[in-house]
>>> print(open('final_27.cif').read())   # mmCIF, C-alpha atoms
data_model
loop_
_atom_site.label_atom_id
_atom_site.label_comp_id
_atom_site.auth_asym_id
_atom_site.auth_seq_id
_atom_site.Cartn_x
_atom_site.Cartn_y
_atom_site.Cartn_z
CA MET C 19 82.21 -4.97 242.57
CA SER C 20 81.87 -1.29 242.30
CA ALA C 21 83.51 1.76 240.85
CA SER C 22 83.09 5.47 241.15
CA LYS C 23 82.98 8.16 238.52
CA ILE C 24 84.05 11.71 239.15
CA VAL C 25 83.48 14.23 236.36
CA TYR C 26 85.35 17.52 236.55
CA ALA C 27 83.31 19.69 234.24
CA GLN C 28 81.64 22.93 235.22
CA SER C 29 82.15 21.94 238.88
CA GLN C 30 80.00 18.88 238.33
CA THR C 31 80.82 15.73 240.21
CA ARG C 32 79.07 12.45 239.63
CA VAL C 33 79.80 9.24 241.42
CA GLY C 34 78.51 5.88 240.26
CA LEU C 35 78.83 2.14 240.38
CA LEU C 36 80.52 0.40 237.46
CA PRO C 37 80.56 -3.41 237.70
CA THR C 38 82.81 -5.00 235.08
CA VAL C 39 83.11 -8.71 234.41
CA ASN C 40 85.48 -10.02 231.78
CA TYR C 41 85.37 -13.68 230.81
CA ASN C 42 87.89 -15.18 228.42
CA HIS C 43 87.61 -18.68 227.00
CA LYS C 44 90.16 -20.49 224.86
CA ILE C 45 88.32 -22.39 222.13
CA ASN C 46 91.40 -24.13 220.73
CA LYS C 47 95.07 -23.34 220.20
CA ASP C 48 94.31 -20.58 217.68
CA TRP C 49 90.98 -19.13 218.74
CA ASP C 50 89.62 -17.57 221.89
CA ILE C 51 86.47 -15.69 222.78
CA ASN C 52 85.95 -12.87 225.23
CA PHE C 53 82.70 -11.78 226.88
CA ARG C 54 82.54 -8.51 228.72
CA PHE C 55 79.76 -6.98 230.73
CA GLU C 56 79.69 -3.65 232.46
CA SER C 57 76.98 -1.31 233.62
CA ARG C 58 77.03 2.18 235.05
CA HIS C 59 74.94 3.28 237.99
CA PHE C 60 75.20 6.81 239.34
CA VAL C 61 74.64 7.14 243.06
CA PHE C 62 75.84 10.66 243.79
CA GLU C 63 75.53 13.98 242.00
CA ASN C 64 77.01 17.37 242.75
CA ASN C 65 76.05 20.01 240.18
CA THR C 66 76.97 23.07 242.23
CA PRO C 67 78.70 23.53 245.60
CA GLU C 68 75.27 24.18 247.12
CA SER C 69 73.54 21.25 245.51
CA SER C 70 74.64 17.73 246.12
CA ASN C 71 72.67 14.63 246.86
CA PHE C 72 72.83 10.89 246.90
CA LYS C 73 70.52 9.65 244.19
CA TYR C 74 70.56 6.34 242.42
CA GLU C 75 70.32 6.55 238.64
CA TYR C 76 70.92 3.79 236.14
CA SER C 77 73.04 5.01 233.24
CA LEU C 78 73.83 2.23 230.76
CA SER C 79 75.10 -1.32 230.24
CA ASP C 80 77.64 -2.58 227.73
CA ILE C 81 77.72 -6.18 226.59
CA SER C 82 80.44 -7.20 224.19
CA VAL C 83 81.65 -10.35 222.49
CA LEU C 84 85.10 -10.49 220.91
CA VAL C 85 86.52 -13.36 218.90
CA ALA C 86 90.30 -13.57 218.57
CA ARG C 87 92.43 -15.49 216.07
CA LYS C 88 96.09 -16.09 216.86
CA ALA C 89 98.27 -14.41 214.23
CA GLY C 90 101.72 -15.28 215.59
CA LEU C 91 103.35 -16.42 218.80
CA ASN C 92 102.48 -13.16 220.56
CA SER C 93 99.88 -11.54 218.35
CA LYS C 94 96.21 -11.89 217.45
CA PHE C 95 93.48 -10.39 215.31
CA VAL C 96 90.20 -9.61 217.07
CA LEU C 97 86.71 -8.93 215.76
CA GLY C 98 83.71 -8.15 217.90
CA VAL C 99 80.45 -6.43 218.62
CA LEU C 100 79.20 -4.40 221.52
CA THR C 101 75.65 -3.56 222.49
CA ARG C 102 75.07 -0.48 224.62
CA LEU C 103 71.77 -0.44 226.50
CA GLU C 104 70.64 2.96 227.70
CA PRO C 105 67.28 3.75 229.38
CA ASP C 106 65.79 5.13 226.17
CA ALA C 107 68.19 4.04 223.44
CA VAL C 108 70.30 1.18 222.17
CA ALA C 109 73.62 1.61 220.34
CA TYR C 110 75.74 -0.97 218.54
CA ARG C 111 79.47 -1.01 218.01
CA THR C 112 81.61 -3.08 215.66
CA ILE C 113 85.21 -3.59 216.77
CA GLN C 114 88.43 -4.61 214.98
CA GLN C 115 91.73 -5.02 216.83
CA PHE C 116 95.28 -6.18 216.36
CA ILE C 117 97.04 -7.12 219.60
CA PHE C 118 100.69 -7.99 220.07
CA GLN C 119 102.88 -8.58 223.08
CA THR C 120 106.48 -7.64 223.84
CA LYS C 121 108.57 -8.03 226.98
CA ILE C 122 111.08 -5.76 228.62
CA LYS C 123 112.94 -7.55 231.41
CA SER C 124 110.37 -8.48 234.05
CA PHE C 125 107.36 -6.66 232.64
CA ARG C 126 105.10 -7.48 229.75
CA LEU C 127 103.82 -4.90 227.30
CA VAL C 128 100.67 -5.52 225.30
CA HIS C 129 99.94 -3.20 222.38
CA ARG C 130 96.46 -2.86 220.92
CA ILE C 131 95.66 -1.09 217.67
CA ALA C 132 91.91 -0.84 217.19
CA THR C 133 89.17 0.66 215.13
CA ASP C 134 85.49 0.78 216.03
CA GLN C 135 82.24 2.14 214.65
CA THR C 136 79.30 3.07 216.85
CA PHE C 137 75.79 3.15 215.40
CA SER C 138 72.69 4.52 217.07
CA SER C 139 69.31 5.73 215.91
CA ASN C 140 69.57 9.21 217.42
CA GLU C 141 73.22 10.11 216.66
CA ALA C 142 75.53 10.11 213.65
CA THR C 143 77.84 7.11 213.35
CA GLU C 144 81.09 7.56 215.26
CA PHE C 145 84.36 6.19 213.86
CA ARG C 146 87.40 5.76 216.10
CA LEU C 147 91.03 4.77 215.62
CA ARG C 148 92.84 3.96 218.86
CA TYR C 149 96.18 2.71 220.17
CA ARG C 150 96.69 1.37 223.67
CA VAL C 151 99.74 0.03 225.44
CA SER C 152 99.36 -1.91 228.70
CA ALA C 153 102.33 -2.61 230.94
CA GLU C 154 102.28 -5.26 233.66
CA ILE C 155 104.80 -5.24 236.49
CA PRO C 156 104.70 -8.16 238.96
CA LEU C 157 105.26 -6.90 242.49
CA SER C 158 107.00 -10.04 243.73
CA GLY C 159 109.32 -11.83 241.37
CA GLN C 160 109.96 -11.54 237.67
CA LYS C 161 106.75 -13.14 236.39
CA LEU C 162 103.18 -12.94 237.55
CA ASP C 163 102.08 -15.88 239.70
CA VAL C 164 99.05 -16.96 241.68
CA LYS C 165 98.45 -15.00 244.92
CA GLU C 166 100.66 -12.19 243.69
CA PHE C 167 99.96 -8.48 243.34
CA TYR C 168 100.83 -6.63 240.16
CA PHE C 169 100.79 -3.12 238.83
CA LYS C 170 99.19 -2.44 235.45
CA PHE C 171 99.38 0.80 233.55
CA ASN C 172 97.31 1.48 230.43
CA THR C 173 97.92 4.44 228.15
CA GLU C 174 95.63 5.01 225.19
CA VAL C 175 95.15 7.60 222.50
CA LEU C 176 91.82 7.73 220.65
CA ASN C 177 90.99 9.60 217.46
CA GLY C 178 87.29 9.96 216.78
CA VAL C 179 85.17 11.38 213.97
CA GLN C 180 81.44 11.93 214.33
CA ASP C 181 79.29 14.10 212.10
CA ASN C 182 82.46 15.41 210.41
CA VAL C 183 83.81 16.60 213.77
CA TYR C 184 87.20 15.27 214.85
CA ASP C 185 88.07 14.67 218.50
CA LEU C 186 91.13 13.44 220.35
CA GLU C 187 91.13 11.65 223.70
CA PHE C 188 93.86 10.41 226.01
CA ARG C 189 93.46 7.79 228.71
CA LEU C 190 95.87 7.03 231.54
CA VAL C 191 94.86 4.13 233.73
CA PRO C 192 97.01 2.90 236.63
CA ASN C 193 95.71 -0.31 238.25
CA ILE C 194 96.71 -2.49 241.13
CA GLY C 195 95.77 -6.12 240.56
CA TYR C 196 95.81 -9.42 242.39
CA VAL C 197 95.88 -12.95 240.99
CA ILE C 198 93.37 -14.86 243.12
CA ASN C 199 93.99 -18.18 241.37
CA LYS C 200 94.71 -19.45 237.86
CA GLN C 201 91.27 -18.37 236.69
CA HIS C 202 90.55 -15.14 238.53
CA LYS C 203 92.14 -11.71 238.74
CA ILE C 204 90.79 -8.60 240.36
CA GLU C 205 91.95 -5.02 239.71
CA LEU C 206 91.39 -1.65 241.29
CA GLY C 207 92.33 1.38 239.24
CA LEU C 208 91.88 5.00 238.32
CA ASP C 209 90.74 5.59 234.75
CA ASN C 210 91.60 9.16 233.70
CA ARG C 211 90.12 10.36 230.41
CA LEU C 212 91.04 13.67 228.86
CA ASP C 213 89.00 14.58 225.76
CA SER C 214 87.48 17.37 223.65
CA PHE C 215 90.89 18.86 222.82
CA ILE C 216 89.83 20.03 219.42
CA ASP C 217 86.84 22.17 220.38
CA ASN C 218 88.92 23.71 223.18
CA GLN C 219 86.61 22.53 225.94
CA THR C 220 88.99 20.01 227.41
CA ARG C 221 87.29 17.75 229.91
CA LEU C 222 88.84 15.38 232.43
CA VAL C 223 86.83 12.39 233.56
CA SER C 224 88.28 10.16 236.26
CA TRP C 225 86.89 6.76 237.13
CA ILE C 226 87.73 4.56 240.04
CA THR C 227 87.42 1.15 238.46
CA VAL C 228 87.18 -2.42 239.61
CA ASN C 229 87.74 -5.15 237.02
CA TRP C 230 87.14 -8.84 237.48
CA PHE C 231 88.77 -11.20 234.99
CA LEU C 232 87.68 -14.82 234.96
CA MET E 18 66.16 -0.58 233.55
CA ASN E 19 67.68 -1.22 236.94
CA THR E 20 65.99 -4.63 237.06
CA ILE E 21 67.12 -5.40 233.52
CA THR E 22 70.70 -4.69 234.49
CA ILE E 23 70.52 -7.01 237.48
CA ILE E 24 68.96 -9.76 235.34
CA LEU E 25 71.63 -9.29 232.66
CA SER E 26 74.37 -9.52 235.29
CA ILE E 27 72.96 -12.75 236.69
CA CYS E 28 72.48 -14.23 233.18
CA PHE E 29 76.05 -13.38 232.27
CA ILE E 30 77.43 -15.17 235.29
CA LEU E 31 75.11 -18.17 234.84
CA LEU E 32 75.80 -18.51 231.13
CA PHE E 33 79.55 -18.40 231.46
CA PRO E 34 80.44 -20.20 234.67
CA PHE E 35 83.96 -20.75 235.89
CA VAL E 36 85.53 -23.15 233.49
CA SER E 37 88.78 -24.69 234.56
CA LYS E 38 91.43 -24.57 231.88
CA ALA E 39 93.63 -27.46 230.84
CA GLN E 40 96.28 -28.41 233.35
CA GLN E 41 99.40 -26.37 232.88
CA LYS E 42 102.89 -26.84 234.18
CA TYR E 43 102.99 -25.28 237.62
CA GLU E 44 105.96 -23.03 238.08
CA SER E 45 106.16 -19.87 240.09
CA GLU E 46 108.78 -17.63 241.61
CA TYR E 47 108.65 -15.07 244.40
CA ARG E 48 111.07 -12.44 245.58
CA MET E 49 112.77 -13.34 248.89
CA LYS E 50 114.54 -11.27 251.50
CA SER E 51 118.20 -12.25 251.86
CA GLU E 52 117.60 -13.01 255.57
CA MET E 53 115.50 -15.98 254.46
CA ILE E 54 118.32 -17.49 252.39
CA PRO E 55 120.67 -20.18 253.81
CA LYS E 56 124.02 -18.81 254.93
CA SER E 57 126.05 -21.15 252.68
CA ALA E 58 124.26 -19.83 249.58
CA LYS E 59 124.98 -16.22 250.51
CA GLN E 60 128.60 -17.08 251.27
CA PHE E 61 129.06 -18.55 247.79
CA ILE E 62 127.67 -15.39 246.20
CA ASP E 63 129.98 -13.27 248.38
CA LEU E 64 132.97 -15.25 247.04
CA ILE E 65 132.03 -14.23 243.51
CA GLY E 66 131.71 -10.59 244.53
CA PRO E 67 128.85 -9.48 242.23
CA ASP E 68 129.01 -6.09 240.53
CA SER E 69 125.36 -5.39 241.28
CA LYS E 70 122.86 -5.90 244.09
CA VAL E 71 121.83 -9.54 244.51
CA LYS E 72 118.10 -10.31 244.16
CA TRP E 73 116.89 -13.56 245.69
CA TYR E 74 113.93 -15.60 244.45
CA LYS E 75 112.17 -18.75 245.55
CA GLU E 76 111.26 -20.96 242.60
CA ILE E 77 108.55 -23.58 242.93
CA SER E 78 107.86 -26.22 240.30
CA LEU E 79 105.98 -29.54 240.48
CA ASN E 80 109.07 -31.46 241.52
CA ASN E 81 111.37 -28.91 243.02
CA VAL E 82 111.74 -25.90 245.28
CA SER E 83 114.91 -23.84 245.05
CA PHE E 84 116.47 -20.46 245.75
CA GLU E 85 117.95 -18.42 242.96
CA ALA E 86 120.29 -15.44 243.15
CA LYS E 87 120.21 -13.01 240.24
CA PHE E 88 122.85 -10.33 239.71
CA LYS E 89 125.19 -8.72 237.20
CA HIS E 90 128.86 -9.59 237.17
CA LYS E 91 131.51 -8.77 234.58
CA LYS E 92 128.76 -7.32 232.36
CA LYS E 93 126.83 -10.59 232.36
CA GLN E 94 123.46 -11.44 233.88
CA PHE E 95 123.91 -14.35 236.31
CA SER E 96 121.41 -16.75 237.91
CA ILE E 97 122.75 -19.13 240.52
CA GLU E 98 120.50 -21.85 241.87
CA PHE E 99 120.66 -23.50 245.31
CA ASP E 100 118.47 -26.10 246.94
CA THR E 101 116.52 -25.11 250.04
CA SER E 102 119.38 -26.14 252.33
CA GLY E 103 121.78 -23.87 250.44
CA ILE E 104 123.59 -26.52 248.37
CA LEU E 105 124.70 -25.17 245.01
CA GLN E 106 122.82 -26.61 242.02
CA ASP E 107 124.11 -24.73 239.01
CA VAL E 108 125.37 -21.46 237.62
CA GLU E 109 123.97 -19.89 234.50
CA PHE E 110 124.60 -16.63 232.70
CA VAL E 111 123.31 -14.96 229.57
CA ILE E 112 125.62 -14.96 226.55
CA LYS E 113 125.57 -13.88 222.90
CA LYS E 114 125.57 -16.52 220.18
CA SER E 115 129.03 -15.34 219.12
CA GLU E 116 130.36 -16.57 222.48
CA ILE E 117 129.64 -20.20 221.56
CA ALA E 118 132.59 -21.91 219.83
CA PRO E 119 131.93 -21.79 216.03
CA LYS E 120 132.13 -25.58 215.67
CA VAL E 121 129.53 -26.11 218.42
CA TYR E 122 127.36 -23.25 217.21
CA ASN E 123 127.25 -24.66 213.67
CA LYS E 124 126.12 -27.98 215.06
CA ILE E 125 123.39 -26.31 217.15
CA GLU E 126 122.24 -24.35 214.11
CA GLY E 127 122.08 -27.54 212.04
CA LYS E 128 119.96 -29.27 214.70
CA LEU E 129 117.57 -26.32 214.87
CA ASP E 130 117.27 -26.19 211.08
CA SER E 131 116.26 -29.84 211.10
CA LEU E 132 113.67 -29.29 213.84
CA TYR E 133 112.06 -26.06 212.70
CA HIS E 134 111.07 -24.47 209.43
CA LYS E 135 111.88 -21.09 211.01
CA TRP E 136 113.46 -20.26 214.35
CA LYS E 137 114.75 -17.27 216.23
CA PHE E 138 116.77 -17.03 219.44
CA GLN E 139 115.14 -15.31 222.40
CA LYS E 140 117.82 -15.98 225.00
CA ILE E 141 120.99 -18.06 225.27
CA GLN E 142 122.44 -19.06 228.62
CA THR E 143 125.56 -21.00 229.50
CA HIS E 144 125.23 -23.51 232.36
CA TYR E 145 128.16 -24.43 234.57
CA THR E 146 128.10 -27.33 237.02
CA GLY E 147 131.06 -28.61 239.02
CA PRO E 148 133.06 -28.10 242.22
CA LYS E 149 132.55 -24.77 243.98
CA GLY E 150 136.15 -23.59 243.72
CA ASP E 151 136.30 -24.34 240.00
CA LEU E 152 133.00 -22.57 239.46
CA ILE E 153 134.27 -19.37 241.08
CA THR E 154 137.53 -19.50 239.11
CA SER E 155 135.63 -20.14 235.88
CA ILE E 156 133.21 -17.28 236.52
CA ASN E 157 135.98 -14.82 237.27
CA LYS E 158 138.20 -15.93 234.36
CA ASN E 159 135.17 -16.11 232.06
CA LYS E 160 136.40 -19.51 230.89
CA PRO E 161 135.38 -22.94 232.19
CA SER E 162 138.08 -24.99 233.91
CA GLU E 163 138.52 -28.68 233.09
CA LEU E 164 136.26 -29.91 235.89
CA ILE E 165 133.34 -27.76 234.81
CA LYS E 166 130.56 -29.31 232.80
CA VAL E 167 129.21 -26.82 230.28
CA SER E 168 125.84 -26.82 228.58
CA TYR E 169 123.72 -24.26 226.73
CA GLU E 170 120.10 -23.46 227.47
CA ILE E 171 118.44 -21.77 224.53
CA VAL E 172 115.00 -20.17 224.50
CA LEU E 173 113.72 -19.73 220.96
CA LYS E 174 110.68 -19.18 218.81
CA GLY E 175 110.31 -22.21 216.57
CA LYS E 176 107.90 -22.73 213.70
CA ALA E 177 107.05 -26.27 212.68
CA LEU E 178 104.01 -27.46 210.71
CA GLY E 179 102.78 -23.88 210.47
CA ASN E 180 102.65 -23.48 214.22
CA THR E 181 104.98 -21.13 216.13
CA GLN E 182 105.78 -21.95 219.76
CA LEU E 183 108.30 -21.00 222.39
CA PHE E 184 110.82 -23.71 223.32
CA GLU E 185 113.62 -24.19 225.80
CA ILE E 186 116.31 -26.48 224.40
CA THR E 187 119.38 -27.67 226.27
CA PHE E 188 122.52 -28.58 224.31
CA ASN E 189 125.68 -30.10 225.75
CA ASP E 190 129.11 -28.59 225.07
CA GLN E 191 129.36 -30.65 221.86
CA GLY E 192 126.11 -29.21 220.47
CA GLU E 193 124.02 -32.34 221.10
CA ILE E 194 120.43 -31.89 222.25
CA GLN E 195 119.88 -32.93 225.87
CA ASP E 196 116.34 -31.74 226.45
CA ILE E 197 113.45 -29.93 224.71
CA GLN E 198 110.57 -28.31 226.56
CA GLN E 199 107.71 -26.28 225.21
CA ILE E 200 107.21 -23.11 227.23
CA VAL E 201 103.61 -22.48 228.21
CA GLN E 202 103.02 -18.76 227.99
CA ASP E 203 101.22 -16.93 230.76
CA LYS E 204 97.70 -15.66 230.16
CA ALA E 205 97.46 -12.01 229.20
CA ASP E 206 93.68 -11.48 229.04
CA HIS E 207 93.85 -8.72 231.66
CA LEU E 208 96.26 -6.83 229.38
CA GLU E 209 94.49 -7.53 226.11
CA TYR E 210 90.83 -6.87 226.95
#
>>> encode(input="final_27.cif", output="structure tokens")
Amino acid sequence: MSASKIVYAQSQTRVGLLPTVNYNHKINKDWDINFRFESRHFVFENNTPESSNFKYEYSLSDISVLVARKAGLNSKFVLGVLTRLEPDAVAYRTIQQFIFQTKIKSFRLVHRIATDQTFSSNEATEFRLRYRVSAEIPLSGQKLDVKEFYFKFNTEVLNGVQDNVYDLEFRLVPNIGYVINKQHKIELGLDNRLDSFIDNQTRLVSWITVNWFL
Amino acid sequence: MNTITIILSICFILLFPFVSKAQQKYESEYRMKSEMIPKSAKQFIDLIGPDSKVKWYKEISLNNVSFEAKFKHKKKQFSIEFDTSGILQDVEFVIKKSEIAPKVYNKIEGKLDSLYHKWKFQKIQTHYTGPKGDLITSINKNKPSELIKVSYEIVLKGKALGNTQLFEITFNDQGEIQDIQQIVQDKADHLEY
């Protein structure tokens, strides 16, 4: 599993590996638990047109645990924590989400309204309010089945406040996925993040992502 | 830190191995090219003369494999099922609740009230079974002929004992329940997390 990161800021390009594993377990008819692990490893850096080199550099790892309680037929409340391990720092995040699902003809839409708070020893606490909608379109037939490809498109808007500074971020993430069997799905996508609107230094970060759901 | 990451990755996979979920009803459907469909099935659809393009699907369940044609005709969404040799199985099309005769509808409503504390329709379909010629006449006249057996397949959200589930209930043309099945919803973890 690997992914690449390309940062378009001041002509800087960075490419890295981003393994992501997402394990979901149904505890009973009302509760499920989700474990997620991802880590970022830069392998290429291009600061100026004259300077570029392949260099491995570990960036960080995220480990999260989310517990979900069914709220209705197609909705759930989620609470969780995330630990971010960086080479010289550790940050913690608390997460609250409300997720609900709708359907338009042959594609499913999942809406996620979330808040989170990130705490670390060397930065002010960051508070975020975010809304994401994910659309799934099966590429063969009207519902997603085993050994079938699908298209997934995530759109998210994030509002963040840190140290009394407000920021706005947009994410557009097209993915192509494949259902390997009832338990496993794999996705390849392009995660585009546009942020820093407010301080007028808009930055686009694009990730090539690979997600493994089991 | 590189080593730590590798160790964490291995621990994660070891701690949460592949756990097989409870057995679910196996049902899948795949889009098919019309060239793969038996000639007799395509001929039947041609006799109806759909208003839209016909999409063909192969449906696989534990006990059955069939072909299904989906199209729009006379402002209704039709699904017509054939067996793999092209023999017609049934015709179904989406309707509004107001299209069910009031006497039958009241009976259906009464049955649902007795089954569920709360319920809400998701989809109502009329089923026609009978001789081919009568089926085509009934489809085009939008009224079943005498030889056509009519039933209603209703998908609804039903709440009983504090638990809301999705059900598919089949009623006959008199509003009597023929069959109830709980619909197992597909996993959506890749959309939620």
>>> atom_distance(input="final_27.cif", atom1="atom CA of C:Leu84", atom2="atom CA of C:Lys203")
19.2 Å
>>> resolve_selection(input="final_27.cif", expression="the PyMOL selection byres ((chain C) within 8 of (chain E))", output="PDB file with C-alpha atoms, keeping the file's coordinate frame")
ATOM      1  CA  ASN C  40      85.480 -10.020 231.780  1.00  0.00           C
ATOM      2  CA  TYR C  41      85.370 -13.680 230.810  1.00  0.00           C
ATOM      3  CA  ASN C  42      87.890 -15.180 228.420  1.00  0.00           C
ATOM      4  CA  ASN C  52      85.950 -12.870 225.230  1.00  0.00           C
ATOM      5  CA  PHE C  55      79.760  -6.980 230.730  1.00  0.00           C
ATOM      6  CA  SER C  57      76.980  -1.310 233.620  1.00  0.00           C
ATOM      7  CA  TYR C  76      70.920   3.790 236.140  1.00  0.00           C
ATOM      8  CA  SER C  79      75.100  -1.320 230.240  1.00  0.00           C
ATOM      9  CA  GLY C  90     101.720 -15.280 215.590  1.00  0.00           C
ATOM     10  CA  LEU C  91     103.350 -16.420 218.800  1.00  0.00           C
ATOM     11  CA  PRO C 105      67.280   3.750 229.380  1.00  0.00           C
ATOM     12  CA  ILE C 117      97.040  -7.120 219.600  1.00  0.00           C
ATOM     13  CA  VAL C 128     100.670  -5.520 225.300  1.00  0.00           C
ATOM     14  CA  HIS C 129      99.940  -3.200 222.380  1.00  0.00           C
ATOM     15  CA  ARG C 130      96.460  -2.860 220.920  1.00  0.00           C
ATOM     16  CA  SER C 152      99.360  -1.910 228.700  1.00  0.00           C
ATOM     17  CA  ALA C 153     102.330  -2.610 230.940  1.00  0.00           C
ATOM     18  CA  GLU C 154     102.280  -5.260 233.660  1.00  0.00           C
ATOM     19  CA  SER C 158     107.000 -10.040 243.730  1.00  0.00           C
ATOM     20  CA  GLY C 159     109.320 -11.830 241.370  1.00  0.00           C
ATOM     21  CA  GLN C 160     109.960 -11.540 237.670  1.00  0.00           C
ATOM     22  CA  LYS C 161     106.750 -13.140 236.390  1.00  0.00           C
ATOM     23  CA  LEU C 162     103.180 -12.940 237.550  1.00  0.00           C
ATOM     24  CA  ASP C 163     102.080 -15.880 239.700  1.00  0.00           C
ATOM     25  CA  VAL C 164      99.050 -16.960 241.680  1.00  0.00           C
ATOM     26  CA  GLN C 201      91.270 -18.370 236.690  1.00  0.00           C
ATOM     27  CA  LYS C 203      92.140 -11.710 238.740  1.00  0.00           C
ATOM     28  CA  PHE C 231      88.770 -11.200 234.990  1.00  0.00           C
ATOM     29  CA  LEU C 232      87.680 -14.820 234.960  1.00  0.00           C
TER      30      LEU C 232
END
>>> atom_distance(input="final_27.cif", atom1="atom CA of C:Ser138", atom2="atom CA of C:Arg111")
8.8 Å
>>> resolve_selection(input="final_27.cif", expression="the PyMOL selection byres ((chain E and resi 194) around 12)", output="list in words")
Val121, Lys124, Ile125, Glu126, Gly127, Lys128, Leu129, Leu132, Ser168, Tyr169, Glu170, Ile171, Glu185, Ile186, Thr187, Phe188, Asn189, Asp190, Gln191, Gly192, Glu193, Gln195, Asp196, Ile197 and Gln198 of chain E
>>> residues_around(input="final_27.cif", residues="E:Leu178", least_positions_apart="5", cutoff="12 Å", atoms="only C-alpha atoms", output="list in words")
Leu132, Tyr133, His134 and Lys135 of chain E
>>> resolve_selection(input="final_27.cif", expression="the PyMOL selection byres ((chain C and resi 185) around 10)", output="PyMOL selection string")
chain C and resi 146+176-180+182-184+186-187+213-217
>>> atom_distance(input="final_27.cif", atom1="atom CA of C:Ile131", atom2="atom CA of C:Asn172")
13.1 Å
>>> closest_residue(input="final_27.cif", among="C:Val61, C:Ala142, C:Leu100, C:Leu147", to="C:Phe116", atoms="only C-alpha atoms")
C:Leu147
>>> residues_around(input="final_27.cif", residues="stretch 143-145 of chain E", least_positions_apart="5", cutoff="9 Å", atoms="all atoms listed in the file", output="list of chain:residue names")
E:Asp107, E:Val108, E:Glu109, E:Phe110, E:Val111, E:Ile112, E:Ile117, E:Leu152, E:Ser155, E:Ile156, E:Pro161, E:Ile165, E:Lys166, E:Val167, E:Ser168, E:Tyr169, E:Glu170, E:Ile171
>>> closest_residue(input="final_27.cif", among="C:Gln115, C:Ser93, C:Thr227, C:Thr220", to="C:Leu127", atoms="all atoms listed in the file")
C:Ser93
>>> closest_residue(input="final_27.cif", among="C:Glu166, C:Asp48, C:Asp181, C:Glu56", to="C:Phe145", atoms="all atoms listed in the file")
C:Asp181
>>> residues_around(input="final_27.cif", residues="C:Val108", least_positions_apart="4", cutoff="12 Å", atoms="all atoms listed in the file", output="ChimeraX atom specification")
/C:78-81,100-104,136-141
>>> closest_residue(input="final_27.cif", among="C:Lys165, C:Arg87, C:Lys121, C:Arg211", to="C:Lys44", atoms="only C-alpha atoms")
C:Arg87
>>> residues_around(input="final_27.cif", residues="E:Phe88", least_positions_apart="2", cutoff="8 Å", atoms="only C-alpha atoms", output="mmCIF file with C-alpha atoms, keeping the file's coordinate frame")
data_model
loop_
_atom_site.group_PDB
_atom_site.id
_atom_site.type_symbol
_atom_site.label_atom_id
_atom_site.label_comp_id
_atom_site.auth_asym_id
_atom_site.auth_seq_id
_atom_site.Cartn_x
_atom_site.Cartn_y
_atom_site.Cartn_z
ATOM 1 C CA PRO E 67 128.850 -9.480 242.230
ATOM 2 C CA ASP E 68 129.010 -6.090 240.530
ATOM 3 C CA SER E 69 125.360 -5.390 241.280
ATOM 4 C CA LYS E 70 122.860 -5.900 244.090
ATOM 5 C CA VAL E 71 121.830 -9.540 244.510
ATOM 6 C CA LYS E 72 118.100 -10.310 244.160
ATOM 7 C CA ALA E 86 120.290 -15.440 243.150
ATOM 8 C CA HIS E 90 128.860 -9.590 237.170
ATOM 9 C CA GLN E 94 123.460 -11.440 233.880
ATOM 10 C CA PHE E 95 123.910 -14.350 236.310
ATOM 11 C CA SER E 96 121.410 -16.750 237.910
#
>>> residues_around(input="final_27.cif", residues="C:Asn210", least_positions_apart="2", cutoff="10 Å", atoms="only C-alpha atoms", output="MDAnalysis selection string")
chainID C and resid 23:25 173 188:192 207:208 212:213 222:226
